[in-house]
>>> print(open('start10.cif').read())   # mmCIF, C-alpha atoms and all ligand atoms
data_structure
#
loop_
_atom_site.label_atom_id
_atom_site.label_comp_id
_atom_site.auth_asym_id
_atom_site.auth_seq_id
_atom_site.Cartn_x
_atom_site.Cartn_y
_atom_site.Cartn_z
CA MET A 1 -43.56 223.45 13.54
CA SER A 2 -47.06 224.86 13.88
CA LEU A 3 -47.54 228.48 14.90
CA PHE A 4 -49.61 227.12 17.81
CA ASP A 5 -46.52 225.31 19.15
CA LYS A 6 -44.95 228.63 20.14
CA ILE A 7 -44.71 229.18 23.90
CA ILE A 8 -45.65 232.74 24.82
CA ASP A 9 -44.90 233.79 28.39
CA ARG A 10 -48.22 235.11 29.69
CA LYS A 11 -46.85 235.96 33.11
CA GLY A 12 -45.50 239.17 31.57
CA VAL A 13 -49.04 240.59 31.38
CA ALA A 14 -51.87 240.52 33.91
CA SER A 15 -53.27 237.26 32.56
CA SER A 16 -56.12 235.92 34.70
CA LYS A 17 -55.21 232.38 33.69
CA TRP A 18 -51.56 232.61 34.79
CA HIS A 19 -51.59 235.21 37.59
CA PRO A 20 -50.19 233.80 40.87
CA ASN A 21 -52.95 235.46 42.92
CA TYR A 22 -55.68 233.78 40.88
CA LEU A 23 -53.86 230.46 40.97
CA ASN A 24 -53.39 230.73 44.72
CA SER A 25 -56.99 231.58 45.39
CA LEU A 26 -58.39 228.80 43.19
CA PHE A 27 -55.80 226.07 43.61
CA SER A 28 -53.94 227.02 46.85
CA SER A 29 -50.73 226.96 44.86
CA GLU A 30 -48.86 229.31 42.55
CA ASP A 31 -47.02 226.48 40.85
CA VAL A 32 -49.87 224.81 39.06
CA LEU A 33 -49.76 224.57 35.28
CA PRO A 34 -53.01 226.34 34.33
CA PHE A 35 -55.62 224.61 32.19
CA TRP A 36 -58.64 226.41 33.61
CA ILE A 37 -60.29 229.68 32.41
CA ALA A 38 -61.60 229.50 28.84
CA ASP A 39 -58.98 231.42 26.90
CA MET A 40 -56.10 230.21 24.78
CA ASP A 41 -52.32 230.42 25.11
CA PHE A 42 -52.19 231.26 21.39
CA ARG A 43 -51.73 234.49 19.45
CA SER A 44 -54.85 235.77 17.70
CA PRO A 45 -54.88 235.64 13.87
CA SER A 46 -52.37 237.96 12.19
CA ALA A 47 -55.17 239.47 10.10
CA LEU A 48 -56.70 240.83 13.31
CA LEU A 49 -53.42 241.83 15.00
CA ASP A 50 -52.17 243.63 11.88
CA LYS A 51 -55.37 245.65 11.74
CA ILE A 52 -54.89 246.77 15.36
CA LYS A 53 -51.32 247.86 14.53
CA GLU A 54 -52.62 249.73 11.48
CA ARG A 55 -55.19 251.55 13.62
CA ALA A 56 -52.55 252.42 16.23
CA ASP A 57 -50.36 253.88 13.47
CA TYR A 58 -53.31 255.89 12.19
CA GLY A 59 -53.55 257.27 15.71
CA ILE A 60 -57.13 258.49 16.02
CA LEU A 61 -59.35 256.21 18.05
CA ALA A 62 -62.29 258.54 18.55
CA TYR A 63 -66.05 257.91 18.02
CA GLU A 64 -66.90 255.83 15.01
CA TYR A 65 -69.97 254.09 13.67
CA SER A 66 -70.17 250.56 12.29
CA PRO A 67 -70.17 250.76 8.48
CA ASP A 68 -72.09 248.36 6.26
CA SER A 69 -68.87 246.53 5.43
CA PHE A 70 -68.63 245.48 9.09
CA PHE A 71 -72.20 244.18 9.16
CA ASP A 72 -71.62 242.36 5.86
CA SER A 73 -68.59 240.57 7.30
CA LEU A 74 -70.46 239.56 10.48
CA ILE A 75 -73.56 238.41 8.58
CA SER A 76 -71.47 236.33 6.21
CA TRP A 77 -69.52 234.77 9.14
CA VAL A 78 -72.75 233.81 10.90
CA GLU A 79 -74.16 232.41 7.65
CA THR A 80 -71.12 230.16 7.22
CA HIS A 81 -70.66 229.11 10.83
CA HIS A 82 -74.13 229.18 12.35
CA ARG A 83 -76.17 228.48 9.21
CA TYR A 84 -78.74 231.22 9.13
CA THR A 85 -79.10 234.65 7.59
CA LEU A 86 -79.32 237.89 9.52
CA SER A 87 -80.02 241.40 8.40
CA LYS A 88 -78.41 244.49 9.92
CA GLU A 89 -81.65 245.24 11.80
CA ASN A 90 -81.38 241.94 13.70
CA ILE A 91 -78.05 242.89 15.29
CA HIS A 92 -77.38 244.72 18.57
CA ALA A 93 -73.83 245.34 19.81
CA SER A 94 -73.29 244.53 23.48
CA PRO A 95 -70.12 244.61 25.61
CA SER A 96 -70.09 240.88 26.42
CA ILE A 97 -72.21 237.76 26.57
CA GLY A 98 -72.46 238.37 30.32
CA SER A 99 -73.84 241.87 29.74
CA SER A 100 -76.32 240.53 27.19
CA ILE A 101 -77.62 237.96 29.68
CA GLY A 102 -77.94 240.68 32.32
CA ILE A 103 -79.86 242.96 29.93
CA ALA A 104 -82.24 240.16 28.91
CA ILE A 105 -82.89 239.10 32.49
CA ASP A 106 -83.48 242.72 33.46
CA CYS A 107 -86.01 243.51 30.77
CA LEU A 108 -87.79 240.19 30.33
CA SER A 109 -88.42 239.21 33.93
CA GLU A 110 -89.19 240.72 37.32
CA PRO A 111 -87.30 240.31 40.60
CA GLY A 112 -88.20 236.94 42.09
CA ASP A 113 -88.97 235.33 38.71
CA GLY A 114 -87.22 232.12 37.73
CA VAL A 115 -84.51 231.64 35.10
CA ILE A 116 -83.95 228.05 33.99
CA ILE A 117 -80.42 226.68 33.49
CA GLN A 118 -79.24 223.19 32.56
CA PRO A 119 -76.37 222.11 34.82
CA PRO A 120 -73.62 221.11 34.74
CA VAL A 121 -73.19 224.42 32.91
CA PHE A 122 -71.07 227.60 32.68
CA MET A 123 -70.93 228.73 36.30
CA GLU A 124 -71.42 232.46 35.67
CA TYR A 125 -75.08 231.96 34.70
CA LYS A 126 -75.93 231.41 38.36
CA ASN A 127 -74.26 234.70 39.30
CA PHE A 128 -76.12 236.69 36.62
CA ILE A 129 -79.41 235.27 37.87
CA LYS A 130 -78.66 235.81 41.57
CA ASN A 131 -77.17 239.28 41.07
CA ASN A 132 -80.38 240.33 39.33
CA GLY A 133 -82.49 239.07 42.21
CA ARG A 134 -84.01 236.24 40.14
CA LYS A 135 -84.38 232.61 41.13
CA ILE A 136 -82.16 229.84 39.73
CA VAL A 137 -84.32 227.03 38.39
CA LYS A 138 -82.48 223.86 37.40
CA ASN A 139 -83.39 221.58 34.52
CA VAL A 140 -80.54 219.16 35.21
CA LEU A 141 -79.07 217.31 32.21
CA LEU A 142 -79.47 213.54 32.11
CA GLU A 143 -76.10 211.78 31.99
CA ASN A 144 -75.10 208.30 30.87
CA GLU A 145 -71.39 207.38 30.54
CA GLY A 146 -70.46 211.01 30.10
CA ILE A 147 -73.04 211.62 27.33
CA TYR A 148 -75.74 214.13 28.21
CA ASN A 149 -79.35 214.63 27.16
CA ILE A 150 -82.09 217.11 27.96
CA ASP A 151 -84.62 216.03 30.59
CA PHE A 152 -87.69 217.07 28.59
CA GLU A 153 -90.18 215.80 31.16
CA ASP A 154 -88.62 217.99 33.82
CA LEU A 155 -88.37 220.93 31.39
CA GLU A 156 -92.11 220.65 30.64
CA ASN A 157 -92.78 220.95 34.37
CA LYS A 158 -90.41 223.87 34.90
CA VAL A 159 -91.76 225.99 32.02
CA LYS A 160 -95.32 225.51 33.28
CA VAL A 161 -94.49 227.51 36.41
CA ALA A 162 -95.76 230.96 35.44
CA SER A 163 -92.96 232.85 37.22
CA ASN A 164 -90.25 231.07 35.18
CA LYS A 165 -89.66 233.53 32.35
CA LEU A 166 -86.37 232.61 30.69
CA LEU A 167 -84.22 229.65 29.84
CA ILE A 168 -80.49 230.01 29.21
CA LEU A 169 -79.50 227.45 26.61
CA CYS A 170 -75.77 226.83 26.30
CA ASN A 171 -75.09 225.56 22.78
CA PRO A 172 -72.42 224.26 22.27
CA HIS A 173 -72.66 223.33 25.92
CA ASN A 174 -69.85 224.39 28.25
CA PRO A 175 -68.36 222.32 29.97
CA ILE A 176 -69.48 219.05 28.34
CA GLY A 177 -68.47 220.01 24.77
CA GLN A 178 -71.66 218.69 23.18
CA ILE A 179 -73.65 220.39 20.43
CA TRP A 180 -77.44 220.22 20.79
CA ASP A 181 -78.75 219.33 17.36
CA LEU A 182 -81.49 221.32 15.65
CA GLU A 183 -84.15 218.73 16.45
CA THR A 184 -83.35 218.92 20.18
CA VAL A 185 -83.16 222.72 20.12
CA SER A 186 -86.42 222.90 18.20
CA LYS A 187 -88.12 220.76 20.84
CA ILE A 188 -86.70 222.96 23.64
CA VAL A 189 -87.83 226.19 21.99
CA LYS A 190 -91.30 224.81 21.17
CA ILE A 191 -91.85 223.77 24.77
CA CYS A 192 -90.67 227.20 25.92
CA LYS A 193 -92.77 229.07 23.37
CA ASP A 194 -95.92 227.15 24.31
CA ASN A 195 -95.42 228.42 27.85
CA ASP A 196 -94.19 231.89 26.93
CA VAL A 197 -90.65 231.34 28.17
CA ILE A 198 -87.91 233.14 26.20
CA VAL A 199 -84.82 231.15 25.19
CA LEU A 200 -81.49 232.96 25.57
CA SER A 201 -79.24 230.90 23.36
CA ASP A 202 -75.57 231.39 24.30
CA GLU A 203 -73.64 230.38 21.18
CA VAL A 204 -70.23 231.73 22.12
CA HIS A 205 -68.56 228.34 21.53
CA GLY A 206 -70.26 227.80 18.17
CA ASP A 207 -67.35 228.63 15.86
CA ILE A 208 -64.88 226.01 17.09
CA VAL A 209 -66.46 222.84 15.75
CA TYR A 210 -64.57 219.58 15.14
CA SER A 211 -64.67 217.70 11.88
CA GLY A 212 -67.70 215.43 11.55
CA ASN A 213 -69.92 217.76 13.62
CA THR A 214 -72.26 220.55 12.58
CA PHE A 215 -73.43 223.53 14.57
CA ASN A 216 -76.67 225.38 13.80
CA GLY A 217 -77.51 228.56 15.65
CA THR A 218 -80.96 228.59 17.25
CA LEU A 219 -82.16 231.26 14.80
CA ALA A 220 -81.78 228.62 12.06
CA LEU A 221 -85.07 227.25 13.41
CA ASP A 222 -88.39 227.91 11.70
CA SER A 223 -89.49 231.57 11.82
CA SER A 224 -92.61 230.59 13.80
CA LEU A 225 -90.26 230.13 16.80
CA HIS A 226 -88.32 233.39 16.48
CA SER A 227 -90.65 235.26 18.84
CA HIS A 228 -89.04 233.32 21.71
CA ILE A 229 -85.37 233.29 20.67
CA ILE A 230 -82.57 235.65 21.60
CA SER A 231 -79.26 234.50 20.24
CA LEU A 232 -76.03 235.59 21.93
CA TYR A 233 -72.88 235.53 19.87
CA SER A 234 -69.35 236.79 20.36
CA PRO A 235 -66.04 236.05 18.61
CA VAL A 236 -64.34 236.21 22.01
CA LYS A 237 -63.59 232.47 22.12
CA THR A 238 -63.02 232.03 18.39
CA PHE A 239 -60.17 234.53 18.10
CA ASN A 240 -59.01 234.53 21.74
CA LEU A 241 -60.23 238.00 22.67
CA GLY A 242 -61.33 237.60 26.31
CA GLY A 243 -62.50 241.01 27.50
CA PHE A 244 -62.38 242.62 24.03
CA THR A 245 -65.89 243.95 24.72
CA ASP A 246 -67.61 243.43 21.45
CA SER A 247 -70.36 240.91 21.50
CA PHE A 248 -73.72 240.67 19.72
CA ILE A 249 -77.36 240.03 20.45
CA PHE A 250 -79.30 238.68 17.47
CA ILE A 251 -83.09 238.95 17.48
CA LYS A 252 -85.45 238.46 14.55
CA ASP A 253 -88.75 239.20 16.27
CA LYS A 254 -89.75 242.87 16.17
CA GLU A 255 -91.47 243.02 19.55
CA LEU A 256 -88.65 241.24 21.35
CA LYS A 257 -86.12 243.50 19.63
CA GLU A 258 -87.90 246.59 20.86
CA LYS A 259 -87.89 245.36 24.43
CA ILE A 260 -84.15 244.68 24.35
CA SER A 261 -83.40 247.98 22.57
CA LYS A 262 -85.27 249.88 25.23
CA SER A 263 -83.30 248.23 28.00
CA MET A 264 -79.99 248.82 26.23
CA LYS A 265 -80.82 252.50 25.88
CA ARG A 266 -81.49 252.72 29.61
CA PHE A 267 -77.88 251.72 30.25
CA GLY A 268 -76.37 253.66 27.33
CA LEU A 269 -75.23 250.45 25.65
CA GLY A 270 -74.88 249.53 21.98
CA LYS A 271 -71.93 251.73 21.08
CA THR A 272 -68.92 250.32 19.36
CA ASN A 273 -65.24 251.03 19.23
CA GLY A 274 -63.45 251.59 15.94
CA VAL A 275 -60.35 249.55 16.72
CA VAL A 276 -62.29 246.53 17.96
CA ARG A 277 -64.77 246.71 15.11
CA ASP A 278 -62.05 247.00 12.43
CA ALA A 279 -60.10 244.16 14.05
CA LEU A 280 -63.20 241.96 14.06
CA GLU A 281 -64.03 242.78 10.47
CA ALA A 282 -60.50 241.75 9.48
CA ALA A 283 -60.89 238.49 11.42
CA PHE A 284 -64.33 237.73 9.94
CA ARG A 285 -63.01 238.39 6.43
CA ASN A 286 -59.56 236.79 6.67
CA GLY A 287 -59.45 234.68 9.84
CA GLU A 288 -60.95 231.48 8.44
CA PRO A 289 -57.65 229.73 7.52
CA TRP A 290 -56.31 230.49 11.03
CA LEU A 291 -59.47 229.07 12.59
CA ASN A 292 -59.20 225.90 10.50
CA ASP A 293 -55.57 225.46 11.54
CA LEU A 294 -56.54 226.05 15.16
CA ILE A 295 -59.21 223.35 15.04
CA THR A 296 -56.76 220.88 13.46
CA TYR A 297 -54.20 221.69 16.16
CA LEU A 298 -56.73 221.27 18.97
CA GLN A 299 -57.75 217.94 17.46
CA GLY A 300 -54.08 216.91 17.68
CA ASN A 301 -54.07 217.87 21.39
CA ILE A 302 -57.17 215.76 21.97
CA ASN A 303 -55.54 212.79 20.20
CA LEU A 304 -52.43 213.18 22.35
CA ILE A 305 -54.42 213.26 25.60
CA ASP A 306 -56.47 210.29 24.48
CA SER A 307 -53.44 208.16 23.69
CA LYS A 308 -51.57 209.22 26.87
CA LEU A 309 -54.53 208.29 29.05
CA LYS A 310 -55.10 205.00 27.24
CA GLU A 311 -51.40 204.01 27.45
CA SER A 312 -51.35 204.87 31.16
CA GLY A 313 -54.31 202.60 31.89
CA LEU A 314 -55.59 205.17 34.41
CA PRO A 315 -59.34 205.11 35.13
CA ILE A 316 -59.83 208.59 33.63
CA THR A 317 -61.95 208.84 30.49
CA PHE A 318 -63.57 211.46 28.27
CA ASN A 319 -65.91 211.64 25.31
CA ARG A 320 -64.52 213.55 22.38
CA PRO A 321 -66.00 217.06 22.33
CA ALA A 322 -67.99 218.17 19.28
CA ALA A 323 -67.02 221.79 19.85
CA SER A 324 -64.81 224.18 21.83
CA TYR A 325 -61.50 223.52 23.56
CA GLN A 326 -62.53 221.90 26.82
CA LEU A 327 -62.27 218.25 27.78
CA TRP A 328 -64.71 216.95 30.35
CA LEU A 329 -62.56 214.38 32.12
CA ASP A 330 -64.44 211.70 34.03
CA PHE A 331 -62.68 210.69 37.27
CA ARG A 332 -65.62 208.75 38.73
CA GLN A 333 -63.89 205.39 38.37
CA SER A 334 -60.83 206.65 40.24
CA GLY A 335 -62.28 205.92 43.64
CA MET A 336 -61.57 209.51 44.71
CA ALA A 337 -64.35 211.75 46.00
CA ALA A 338 -64.95 214.92 43.94
CA ALA A 339 -63.04 217.17 46.37
CA GLU A 340 -60.16 214.68 46.48
CA VAL A 341 -59.84 214.82 42.69
CA HIS A 342 -59.44 218.60 42.87
CA THR A 343 -56.89 218.30 45.70
CA PHE A 344 -54.96 215.57 43.88
CA LEU A 345 -54.78 217.66 40.70
CA SER A 346 -53.83 220.97 42.33
CA GLN A 347 -51.64 219.82 45.22
CA LYS A 348 -49.99 216.67 43.96
CA ALA A 349 -49.99 216.85 40.17
CA LYS A 350 -49.74 220.68 40.26
CA LEU A 351 -52.39 221.18 37.61
CA GLY A 352 -54.92 224.02 37.62
CA MET A 353 -58.13 222.64 36.11
CA ASN A 354 -61.78 223.55 36.77
CA ALA A 355 -63.34 221.17 39.27
CA GLY A 356 -66.48 219.66 37.79
CA PHE A 357 -68.55 220.78 40.78
CA TRP A 358 -67.79 224.42 39.94
CA PHE A 359 -70.37 223.90 37.16
CA GLY A 360 -72.98 222.75 39.67
CA ARG A 361 -73.04 219.73 41.94
CA GLU A 362 -74.13 217.73 38.88
CA GLY A 363 -70.54 218.02 37.59
CA ALA A 364 -69.02 216.29 40.64
CA GLY A 365 -66.49 213.62 39.72
CA PHE A 366 -65.53 215.40 36.50
CA THR A 367 -62.81 217.96 35.77
CA ARG A 368 -62.73 220.43 32.90
CA MET A 369 -59.40 220.71 31.15
CA ASN A 370 -58.73 223.60 28.78
CA ILE A 371 -56.67 222.13 25.95
CA ALA A 372 -55.88 225.38 24.09
CA SER A 373 -52.16 225.33 24.89
CA PRO A 374 -49.06 224.42 22.89
CA ARG A 375 -48.61 220.66 22.55
CA SER A 376 -45.49 220.61 24.73
CA VAL A 377 -47.52 222.18 27.58
CA ILE A 378 -50.28 219.60 27.12
CA GLU A 379 -47.63 216.89 27.18
CA GLU A 380 -46.15 218.29 30.42
CA GLY A 381 -49.64 218.43 31.94
CA MET A 382 -50.40 214.82 31.05
CA ASP A 383 -47.03 213.69 32.38
CA ARG A 384 -47.72 215.46 35.68
CA LEU A 385 -51.13 213.81 35.86
CA ILE A 386 -49.93 210.32 35.06
CA THR A 387 -46.70 210.21 37.06
CA ASN A 388 -48.35 211.57 40.22
CA TYR A 389 -51.36 209.28 40.10
CA GLU A 390 -51.26 206.40 42.59
C1 LIG B 1 -70.75 229.54 27.68
C2 LIG B 1 -70.06 230.82 27.95
N1 LIG B 1 -70.75 231.98 27.86
C3 LIG B 1 -70.15 233.16 28.08
C4 LIG B 1 -68.81 233.24 28.41
C5 LIG B 1 -68.20 234.56 28.71
O1 LIG B 1 -68.41 235.46 27.67
P1 LIG B 1 -68.16 237.02 27.92
O2 LIG B 1 -66.73 237.14 28.36
O3 LIG B 1 -68.41 237.65 26.59
O4 LIG B 1 -69.13 237.46 28.97
C6 LIG B 1 -68.06 232.06 28.52
C7 LIG B 1 -66.66 232.12 28.93
O5 LIG B 1 -66.02 231.15 29.23
C8 LIG B 1 -68.71 230.82 28.28
O6 LIG B 1 -68.04 229.68 28.35
#
>>> encode(input="start10.cif", output="structure tokens", more="lines below")
Ligand SMILES: Cc1ncc(COP(=O)(O)O)c(C=O)c1O
Amino acid sequence: MSLFDKIIDRKGVASSKWHPNYLNSLFSSEDVLPFWIADMDFRSPSALLDKIKERADYGILAYEYSPDSFFDSLISWVETHHRYTLSKENIHASPSIGSSIGIAIDCLSEPGDGVIIQPPVFMEYKNFIKNNGRKIVKNVLLENEGIYNIDFEDLENKVKVASNKLLILCNPHNPIGQIWDLETVSKIVKICKDNDVIVLSDEVHGDIVYSGNTFNGTLALDSSLHSHIISLYSPVKTFNLGGFTDSFIFIKDKELKEKISKSMKRFGLGKTNGVVRDALEAAFRNGEPWLNDLITYLQGNINLIDSKLKESGLPITFNRPAASYQLWLDFRQSGMAAAEVHTFLSQKAKLGMNAGFWFGREGAGFTRMNIASPRSVIEEGMDRLITNYE
């Protein structure tokens, strides 16, 4: 038995994923089996949990600074997983990826300016842009049989508009599970740089990469492009730490760094917390075997879903993700309209999955399924889907 097979009752805590109020508001039912928000039904690595216990036993949780050993562990993790080298000076601590996006939008654009996104994409981007009084500018992905590409012609046009100041790149891309390779990313950044548009590269899903795929962080690109790259990283997905409030902004360019630092100071950001930092250092140093086991387990879940769907003969397909723990299920051959798919899943099959159109209208006809659950739960979910399908 794998440690990921263990069922942990998450209703005992205020879990967003499992809370009846959330389920009711999103799926009009408390009884759905949840496969939605991007966290995992798994315990974090023992290395990290043991460190938290150790700190609790020590008992003093007051102000602390981040020692060099912490930076060394983070730099080495990024080197291994994102394939580039940072120095301590390149790193800013930030509460979350969301906060980092807000800070960047605030200091690198003016109200009314445009921020480019590439839907279907993580739905919160739209909120960060709107809540900062900026304009959402869409560079919609091109799709063919569930495989996506960048529409470079459209991107060229969008970056030429002088008021469009930023592009949020999601790599690996949530919800489609694809990794944009270095050549593609290089082309995106070059186009942006030529038109003085800054690329905010959200790499939060970059640690969970399936065998046969490679992820390179955007800062692995040639140094001539670094003046237009802000890389956003957090171990929040990797070690299942939703809301743990330690996330990082990586910048190599001095001028860009100064702009972001100034903005962070305005809001009193950049502090750390000793427990979180020690826990992360333990995970960066000793969490690799756990992460490898996690990826193998998730691969097993994908295989199970694949074979269940194939055996059932249902017209629901997916392309295997390169990264992260989301499946982008394609229901377009089902004959159901996008809203009907969501109603079928939540009301009939009693499954709580993210409707594709939550990621922009470009995701209509798809559903995102979070597969980071014990295999028996995945099995139950697939059985509900298949037996209720008519
Ligand atoms: C692409 C992407 N970015 C950011 C986040 C959220 O990160 P944070 O909680 O650090 O704001 C998520 C969460 O699902 C995500 O999928």
>>> residues_near_ligand(input="start10.cif", ligand="ligand LIG 1 (chain B)", cutoff="7 Å", atoms="only C-alpha atoms and all ligand atoms", output="list in words")
Ile37, Ala38, Ser96, Ile97, Gly98, Ser99, Phe122, Cys170, His173, Asn174, Asp202, Val204, His205, Ser234, Val236, Gly242, Gly243 and Ser247 of chain A
>>> atom_distance(input="start10.cif", atom1="atom CA of Glu54 of chain A", atom2="atom CA of Ile249 of chain A")
28.0 Å
>>> residues_around(input="start10.cif", residues="Ser261 of chain A", least_positions_apart="6", cutoff="10 Å", atoms="only C-alpha atoms", output="list of chain:residue names")
A:His92, A:Ile103, A:Cys107, A:Glu255, A:Leu269, A:Gly270
>>> atom_distance(input="start10.cif", atom1="atom CA of Asp50 of chain A", atom2="atom CA of His82 of chain A")
26.3 Å
>>> atom_distance(input="start10.cif", atom1="atom CA of Met40 of chain A", atom2="atom CA of Ala372 of chain A")
4.9 Å
>>> residues_near_point(input="start10.cif", point="(-52.7, 219.3, 14.8)", cutoff="12 Å", atoms="only C-alpha atoms", output="list of chain:residue names")
A:Met1, A:Ser2, A:Leu3, A:Phe4, A:Asp5, A:Tyr210, A:Asn292, A:Asp293, A:Leu294, A:Ile295, A:Thr296, A:Tyr297, A:Leu298, A:Gln299, A:Gly300, A:Asn301, A:Ile302, A:Asn303, A:Leu304, A:Ala372, A:Ser373, A:Pro374, A:Arg375
>>> closest_residue(input="start10.cif", among="A:Ile198, A:Lys257, A:Ser16, A:Gly360", to="Lys138 of chain A", atoms="all atoms listed in the file")
A:Gly360
>>> residues_around(input="start10.cif", residues="Tyr125 of chain A", least_positions_apart="6", cutoff="10 Å", atoms="only C-alpha atoms", output="ChimeraX atom specification")
/A:98,101-102,115-119,131,136,168,170,359
>>> residues_around(input="start10.cif", residues="Phe344 of chain A", least_positions_apart="3", cutoff="12 Å", atoms="only C-alpha atoms", output="list in words")
Phe27, Ser28, Val32, Phe331, Ser334, Met336, Ala337, Ala338, Ala339, Glu340, Val341, Gln347, Lys348, Ala349, Lys350, Leu351, Gly352, Met353, Ala355, Thr367, Arg384, Leu385, Ile386, Thr387, Asn388, Tyr389 and Glu390 of chain A
>>> residues_around(input="start10.cif", residues="segment 220-224 of chain A", least_positions_apart="3", cutoff="10 Å", atoms="all atoms listed in the file", output="list in words")
Glu79, His82, Arg83, Tyr84, Thr85, Leu86, Leu182, Glu183, Val185, Ser186, Val189, Lys190, Lys193, Asn216, Gly217, Ser227, His228, Ile229, Lys252 and Asp253 of chain A
>>> residues_around(input="start10.cif", residues="segment 317-325 of chain A", least_positions_apart="3", cutoff="8 Å", atoms="all atoms listed in the file", output="PyMOL selection string")
chain A and resi 38+146-147+172+176-179+205-210+213+298+302+309+328-331+370-372
>>> closest_residue(input="start10.cif", among="A:Lys271, A:Lys265, A:Arg134, A:Arg332", to="Ser94 of chain A", atoms="all atoms listed in the file")
A:Lys271
>>> closest_atom_pairs(input="start10.cif", of="segment 209-301 of chain A", to="segment 58-69 of chain A", cutoff="7 Å", atoms="all atoms listed in the file", output="JSON lines")
{"residue": "A:Thr272", "atom": "CA", "partner": "A:Tyr65", "partner_atom": "CA", "distance": 6.9}
{"residue": "A:Asn273", "atom": "CA", "partner": "A:Glu64", "partner_atom": "CA", "distance": 6.6}
{"residue": "A:Gly274", "atom": "CA", "partner": "A:Glu64", "partner_atom": "CA", "distance": 5.5}
{"residue": "A:Val275", "atom": "CA", "partner": "A:Leu61", "partner_atom": "CA", "distance": 6.9}
>>> closest_residue(input="start10.cif", among="A:Arg43, A:Arg285, A:Lys88, A:Arg10", to="Leu241 of chain A", atoms="all atoms listed in the file")
A:Arg43
>>> closest_residue(input="start10.cif", among="A:Glu143, A:Leu26, A:Met123, A:Asp151", to="His342 of chain A", atoms="only C-alpha atoms")
A:Leu26
>>> axis_aligned_box(input="start10.cif", around="segment 134-143 of chain A", padding_each_side="6 Å", output="JSON")
{"center_x": -80.2, "center_y": 224.0, "center_z": 36.6, "size_x": 20.3, "size_y": 36.5, "size_z": 21.1}
>>> build_atoms(input="start10.cif", residues="segment 212-225 of chain A", atoms="N, CA and C atoms", output="PDB file, in the coordinates of the input")
ATOM      1  N   GLY A 212     -66.672 216.467  11.345  1.00  0.00           N
ATOM      2  CA  GLY A 212     -67.700 215.430  11.550  1.00  0.00           C
ATOM      3  C   GLY A 212     -68.889 215.947  12.340  1.00  0.00           C
ATOM      4  N   ASN A 213     -68.806 217.171  12.849  1.00  0.00           N
ATOM      5  CA  ASN A 213     -69.920 217.760  13.620  1.00  0.00           C
ATOM      6  C   ASN A 213     -70.430 219.002  12.916  1.00  0.00           C
ATOM      7  N   THR A 214     -71.672 219.347  13.171  1.00  0.00           N
ATOM      8  CA  THR A 214     -72.260 220.550  12.580  1.00  0.00           C
ATOM      9  C   THR A 214     -72.914 221.357  13.679  1.00  0.00           C
ATOM     10  N   PHE A 215     -72.729 222.667  13.614  1.00  0.00           N
ATOM     11  CA  PHE A 215     -73.430 223.530  14.570  1.00  0.00           C
ATOM     12  C   PHE A 215     -74.429 224.404  13.820  1.00  0.00           C
ATOM     13  N   ASN A 216     -75.639 224.468  14.330  1.00  0.00           N
ATOM     14  CA  ASN A 216     -76.670 225.380  13.800  1.00  0.00           C
ATOM     15  C   ASN A 216     -77.073 226.322  14.918  1.00  0.00           C
ATOM     16  N   GLY A 217     -77.018 227.607  14.659  1.00  0.00           N
ATOM     17  CA  GLY A 217     -77.510 228.560  15.650  1.00  0.00           C
ATOM     18  C   GLY A 217     -79.021 228.396  15.810  1.00  0.00           C
ATOM     19  N   THR A 218     -79.528 228.795  16.969  1.00  0.00           N
ATOM     20  CA  THR A 218     -80.960 228.590  17.250  1.00  0.00           C
ATOM     21  C   THR A 218     -81.848 229.370  16.276  1.00  0.00           C
ATOM     22  N   LEU A 219     -81.334 230.491  15.755  1.00  0.00           N
ATOM     23  CA  LEU A 219     -82.160 231.260  14.800  1.00  0.00           C
ATOM     24  C   LEU A 219     -82.263 230.565  13.438  1.00  0.00           C
ATOM     25  N   ALA A 220     -81.589 229.424  13.278  1.00  0.00           N
ATOM     26  CA  ALA A 220     -81.780 228.620  12.060  1.00  0.00           C
ATOM     27  C   ALA A 220     -83.128 227.889  12.112  1.00  0.00           C
ATOM     28  N   LEU A 221     -83.760 227.906  13.278  1.00  0.00           N
ATOM     29  CA  LEU A 221     -85.070 227.250  13.410  1.00  0.00           C
ATOM     30  C   LEU A 221     -86.148 228.012  12.635  1.00  0.00           C
ATOM     31  N   ASP A 222     -87.259 227.348  12.428  1.00  0.00           N
ATOM     32  CA  ASP A 222     -88.390 227.910  11.700  1.00  0.00           C
ATOM     33  C   ASP A 222     -88.798 229.280  12.281  1.00  0.00           C
ATOM     34  N   SER A 223     -89.189 230.196  11.388  1.00  0.00           N
ATOM     35  CA  SER A 223     -89.490 231.570  11.820  1.00  0.00           C
ATOM     36  C   SER A 223     -90.650 231.622  12.825  1.00  0.00           C
ATOM     37  N   SER A 224     -91.491 230.585  12.851  1.00  0.00           N
ATOM     38  CA  SER A 224     -92.610 230.590  13.800  1.00  0.00           C
ATOM     39  C   SER A 224     -92.102 230.564  15.254  1.00  0.00           C
ATOM     40  N   LEU A 225     -90.808 230.206  15.429  1.00  0.00           N
ATOM     41  CA  LEU A 225     -90.260 230.130  16.800  1.00  0.00           C
ATOM     42  C   LEU A 225     -89.458 231.373  17.185  1.00  0.00           C
TER      43      LEU A 225
END
